[in-house]
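Asker: Supplied in structure tokens, the structure appears directly below.
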Protein chains: 2
Amino acid sequence: MTSQQIPHRADRRRNRERLLAAAAEIVARDGASASLEEIARRAGLGSATLHRHFSSREALLAEVFHEGVERLAVRGRELNETVGGDGLAVWLEELTRYTATTRGLAVSLRPTEADSSCHGVLADVAADLAATAVGAGRLRPEVTVDDLLALANGIAIRAEGDPELATRLLRMAINGVAPRT
Amino acid sequence: MTSQQIPHRADRRRNRERLLAAAAEIVARDGASASLEEIARRAGLGSATLHRHFSSREALLAEVFHEGVERLAVRGRELNETVGGDGLAVWLEELTRYTATTRGLAVSLRPTEADSSCHGVLADVAADLAATAVGAGRLRPEVTVDDLLALANGIAIRAEGDPELATRLLRMAINGVAPRT
DNA sequence: GGACTATATGGGGTGGGCCCCCGTTTGTCG
DNA sequence: CGACAAACGGGGGCCCACCCCATATAGTCC
């Protein structure tokens, strides 16, 4: 299905890496609305090249964050096997904190119509964790995985740059605001 | 304290209203990142005039949404007197739904260092509602009003354009995700 | 009503960003 | 080493935010 068999030219691969490295720097500083021109400049390449490599800002960001998202997915599967019913809450907290810490990621995790795959991987992991949590009586069965991720995402967007806030809000949302009975 | 005693010239006031009307239209269509140039064009005025009337995009948006925010504040005080302990939950839901429905508002309600006053009014009302809710045993006392508003705001930002989603997420966050015991 | 002045306006400049065309360079493979 | 497909980037088109300063005009005082 993936239509890329023939390997690209060496310079293309090299330039791609340069662009991603530059993007990582600039996006870390400026967030999701970082200037694409500046990224290209920092990479020592023309902006046309950037556009040829990445069809859109979202596509570029998805690549920039790919590794981190992959790590979160691995971590989720790990938690699901070691922790059990509480894994979901722990993972959501780590996800939210990481997302709030990594400038630009929050926006990229928002699923779009032409899904940029960032979301897809996490949705799978979240579904597994949610199933375990429901089994352990820690999660209402009618709660959707999409809603759970949307909530974590909203918190992370709002709390971008303030991981303490992100953590507090996520815990509040998981536990509700009523006093413990 | 408010430094504006002398009334402005009639044309200034008229132009200000035209700008606000145009801004309301364009922002409703394009959200918080609407083109200021286009707003000025729609108002039949030069963009310099817009900049002279509103020192920043935020300042313009704050004025655009001022009336709606005021209504929310009134509604909150009303709920606090008629409903009692549940008023907070009801109001937060209405706030979140309204914010998610009104394009551009979510971003404007995010408090900034030089507070644009949109947030201030609501924070007062929320504080009263929260006090009542704590008194009625419906809200944990250690929950901050700022956190509560931040949560509602995050949800609204994320759910902009989808009031059903906004409502679901807010309820989920208020009640927590664990099964009812 | 007319003249004067502080107040207000807008054309257009500057600097930037996004996106893309097309003439040029460069890697690759026979 | 030569030829060709692959990749590049200068620069143009278009839009934006923001601001300067020459011009226009509302309000006022006689």
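Lettering and numbering for the structure tokens are positional, with chains as A, B, ... in the shown order, residues counted from 1 in each chain, and ligands counted from 1 in the shown order.
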For chain C, report every residue with an atom at most 8 Å from chain B (counting only C-alpha atoms (C1' of nucleotides)), formatted as a list in words.
Answerer: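 Listed by rising number, the hits are DT7, DA8, DT9 and DG10 of chain C.
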Asker: What's around Arg168 in chain A at 9 Å? Count only C-alpha atoms (C1' of nucleotides), leave out sequence neighbours fewer than 5 positions away in its own chain, and write the answer as a ChimeraX atom specification.
Answerer: /A:163,173 /B:147
Asker: Could you dump the residues just selected with N, CA and C atoms as a PDB file, in the first residue's frame?
Answerer:
ATOM      1  N   PRO A 163       3.500  22.704  32.578  1.00  0.00           N
ATOM      2  CA  PRO A 163       3.225  21.299  32.885  1.00  0.00           C
ATOM      3  C   PRO A 163       2.530  21.083  34.233  1.00  0.00           C
ATOM      4  N   ALA A 173      -9.907  16.541  36.184  1.00  0.00           N
ATOM      5  CA  ALA A 173     -10.886  16.007  35.240  1.00  0.00           C
ATOM      6  C   ALA A 173     -11.099  14.507  35.431  1.00  0.00           C
TER       7      ALA A 173
ATOM      8  N   ASP B 147      -8.189  27.325  38.030  1.00  0.00           N
ATOM      9  CA  ASP B 147      -8.068  26.017  37.401  1.00  0.00           C
ATOM     10  C   ASP B 147      -9.378  25.605  36.757  1.00  0.00           C
TER      11      ASP B 147
END
Asker: At a cut-off of 9 Å, using only C-alpha atoms (C1' of nucleotides), what residues contact Leu95 in chain B? Leave out same-chain residues fewer than 6 positions from it and give the result as number ranges by chain.
Answerer: B: 72, 152-153, 156
Asker: Taking only C-alpha atoms into account, what are the residues of chain A at most 7 Å from chain B, put as a list in words?
Answerer: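 Close enough to count are Gly137, Arg138, Leu139, Arg140, Asp147, Leu151, Gly154, Ile155, Ile157, Arg158, Leu169, Ala173, Ile174, Asn175, Gly176, Val177, Ala178 and Pro179 of chain A.
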Asker: Just N, CA and C atoms for this one: save the residues we selected as a PDB file, in the first residue's frame.
Answerer:
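Below is the file that was written, selection.pdb:
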ATOM      1  N   GLY A 137     -13.027  -1.711  36.544  1.00  0.00           N
ATOM      2  CA  GLY A 137     -14.002  -0.867  37.227  1.00  0.00           C
ATOM      3  C   GLY A 137     -13.500   0.533  37.534  1.00  0.00           C
ATOM      4  N   ARG A 138     -12.532   1.011  36.754  1.00  0.00           N
ATOM      5  CA  ARG A 138     -11.981   2.336  36.995  1.00  0.00           C
ATOM      6  C   ARG A 138     -12.474   3.367  35.991  1.00  0.00           C
ATOM      7  N   LEU A 139     -13.184   2.933  34.995  1.00  0.00           N
ATOM      8  CA  LEU A 139     -13.629   3.848  33.938  1.00  0.00           C
ATOM      9  C   LEU A 139     -15.053   3.496  33.534  1.00  0.00           C
ATOM     10  N   ARG A 140     -15.896   4.517  33.473  1.00  0.00           N
ATOM     11  CA  ARG A 140     -17.275   4.285  33.014  1.00  0.00           C
ATOM     12  C   ARG A 140     -17.233   3.777  31.587  1.00  0.00           C
ATOM     13  N   ASP A 147     -13.211  10.930  23.221  1.00  0.00           N
ATOM     14  CA  ASP A 147     -13.495  12.011  24.163  1.00  0.00           C
ATOM     15  C   ASP A 147     -12.378  12.149  25.184  1.00  0.00           C
ATOM     16  N   LEU A 151     -10.210  15.451  25.627  1.00  0.00           N
ATOM     17  CA  LEU A 151     -10.084  16.161  26.902  1.00  0.00           C
ATOM     18  C   LEU A 151      -8.623  16.411  27.244  1.00  0.00           C
ATOM     19  N   GLY A 154      -7.312  19.068  24.917  1.00  0.00           N
ATOM     20  CA  GLY A 154      -7.754  20.412  25.264  1.00  0.00           C
ATOM     21  C   GLY A 154      -6.965  20.970  26.437  1.00  0.00           C
ATOM     22  N   ILE A 155      -6.777  20.152  27.436  1.00  0.00           N
ATOM     23  CA  ILE A 155      -6.004  20.578  28.598  1.00  0.00           C
ATOM     24  C   ILE A 155      -4.586  20.939  28.188  1.00  0.00           C
ATOM     25  N   ILE A 157      -3.477  21.841  25.227  1.00  0.00           N
ATOM     26  CA  ILE A 157      -3.445  23.064  24.417  1.00  0.00           C
ATOM     27  C   ILE A 157      -3.489  24.277  25.333  1.00  0.00           C
ATOM     28  N   ARG A 158      -4.436  24.241  26.247  1.00  0.00           N
ATOM     29  CA  ARG A 158      -4.613  25.352  27.153  1.00  0.00           C
ATOM     30  C   ARG A 158      -3.390  25.553  28.052  1.00  0.00           C
ATOM     31  N   LEU A 169      -4.915  20.006  36.045  1.00  0.00           N
ATOM     32  CA  LEU A 169      -6.188  19.958  35.334  1.00  0.00           C
ATOM     33  C   LEU A 169      -6.551  18.528  34.952  1.00  0.00           C
ATOM     34  N   ALA A 173      -9.907  16.541  36.184  1.00  0.00           N
ATOM     35  CA  ALA A 173     -10.886  16.007  35.240  1.00  0.00           C
ATOM     36  C   ALA A 173     -11.099  14.507  35.431  1.00  0.00           C
ATOM     37  N   ILE A 174     -10.039  13.806  35.754  1.00  0.00           N
ATOM     38  CA  ILE A 174     -10.158  12.363  35.961  1.00  0.00           C
ATOM     39  C   ILE A 174     -10.987  12.073  37.212  1.00  0.00           C
ATOM     40  N   ASN A 175     -10.741  12.846  38.267  1.00  0.00           N
ATOM     41  CA  ASN A 175     -11.394  12.591  39.547  1.00  0.00           C
ATOM     42  C   ASN A 175     -12.723  13.303  39.717  1.00  0.00           C
ATOM     43  N   GLY A 176     -12.989  14.280  38.861  1.00  0.00           N
ATOM     44  CA  GLY A 176     -14.183  15.080  39.085  1.00  0.00           C
ATOM     45  C   GLY A 176     -13.905  16.136  40.137  1.00  0.00           C
ATOM     46  N   VAL A 177     -14.862  17.046  40.319  1.00  0.00           N
ATOM     47  CA  VAL A 177     -14.609  18.162  41.225  1.00  0.00           C
ATOM     48  C   VAL A 177     -15.339  18.011  42.562  1.00  0.00           C
ATOM     49  N   ALA A 178     -16.197  17.011  42.681  1.00  0.00           N
ATOM     50  CA  ALA A 178     -16.937  16.832  43.927  1.00  0.00           C
ATOM     51  C   ALA A 178     -16.001  16.295  45.008  1.00  0.00           C
ATOM     52  N   PRO A 179     -16.313  16.592  46.269  1.00  0.00           N
ATOM     53  CA  PRO A 179     -15.503  16.049  47.367  1.00  0.00           C
ATOM     54  C   PRO A 179     -15.571  14.532  47.349  1.00  0.00           C
TER      55      PRO A 179
END
Asker: Name the residues in contact with Thr132 in chain A at a cut-off of 10 Å, using only C-alpha atoms (C1' of nucleotides), excluding same-chain residues fewer than 6 positions from it; report them as a ChimeraX atom specification.
Answerer: /A:80-81,83-88,126,138-139
Asker: Selected residues, N, CA and C atoms, written as a compact mmCIF listing (two decimals), in the first residue's frame, please.
Answerer:
# COMPACT_ATOMS: atom_id res chain seq x y z
N ASN A 80 0.08 -0.67 30.29
CA ASN A 80 -1.11 -1.52 30.23
C ASN A 80 -0.80 -2.92 30.73
N GLU A 81 0.44 -3.34 30.53
CA GLU A 81 0.78 -4.69 30.96
C GLU A 81 1.26 -4.76 32.40
N VAL A 83 0.72 -2.17 34.98
CA VAL A 83 -0.02 -1.49 36.03
C VAL A 83 -1.48 -1.92 36.14
N GLY A 84 -2.07 -2.30 35.02
CA GLY A 84 -3.48 -2.71 35.07
C GLY A 84 -4.44 -1.53 35.01
N GLY A 85 -5.47 -1.60 35.83
CA GLY A 85 -6.58 -0.64 35.75
C GLY A 85 -6.20 0.82 35.92
N ASP A 86 -5.12 1.10 36.64
CA ASP A 86 -4.71 2.49 36.82
C ASP A 86 -3.84 3.00 35.69
N GLY A 87 -3.46 2.10 34.79
CA GLY A 87 -2.56 2.49 33.71
C GLY A 87 -3.10 3.66 32.91
N LEU A 88 -4.39 3.64 32.62
CA LEU A 88 -4.98 4.71 31.82
C LEU A 88 -4.73 6.08 32.44
N ALA A 126 -4.57 4.09 23.60
CA ALA A 126 -5.57 4.56 24.56
C ALA A 126 -6.75 3.59 24.64
N ARG A 138 -12.53 1.01 36.75
CA ARG A 138 -11.98 2.34 36.99
C ARG A 138 -12.47 3.37 35.99
N LEU A 139 -13.18 2.93 35.00
CA LEU A 139 -13.63 3.85 33.94
C LEU A 139 -15.05 3.50 33.53
Asker: Kindly indicate which residue among B:Glu78, B:Gly104, B:Leu92, B:Ala73 lies nearest to Ala23 in chain B, using only C-alpha atoms for the distances.
Answerer: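 Closest to Ala23 in chain B, using only C-alpha atoms: B:Gly104.
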Asker: As a PDB file with C-alpha atoms (C1' of nucleotides), in the first residue's frame, could you give me every residue of chain D near chain B (at most 8 Å apart, counting only C-alpha atoms (C1' of nucleotides))?
Answerer:
ATOM      1  C1'  DC D  16      -0.746  40.283   6.045  1.00  0.00           C
ATOM      2  C1'  DC D  18       1.879  47.812  11.437  1.00  0.00           C
ATOM      3  C1'  DC D  19       2.970  52.628  10.927  1.00  0.00           C
ATOM      4  C1'  DA D  26     -15.897  67.906  13.459  1.00  0.00           C
TER       5       DA D  26
END
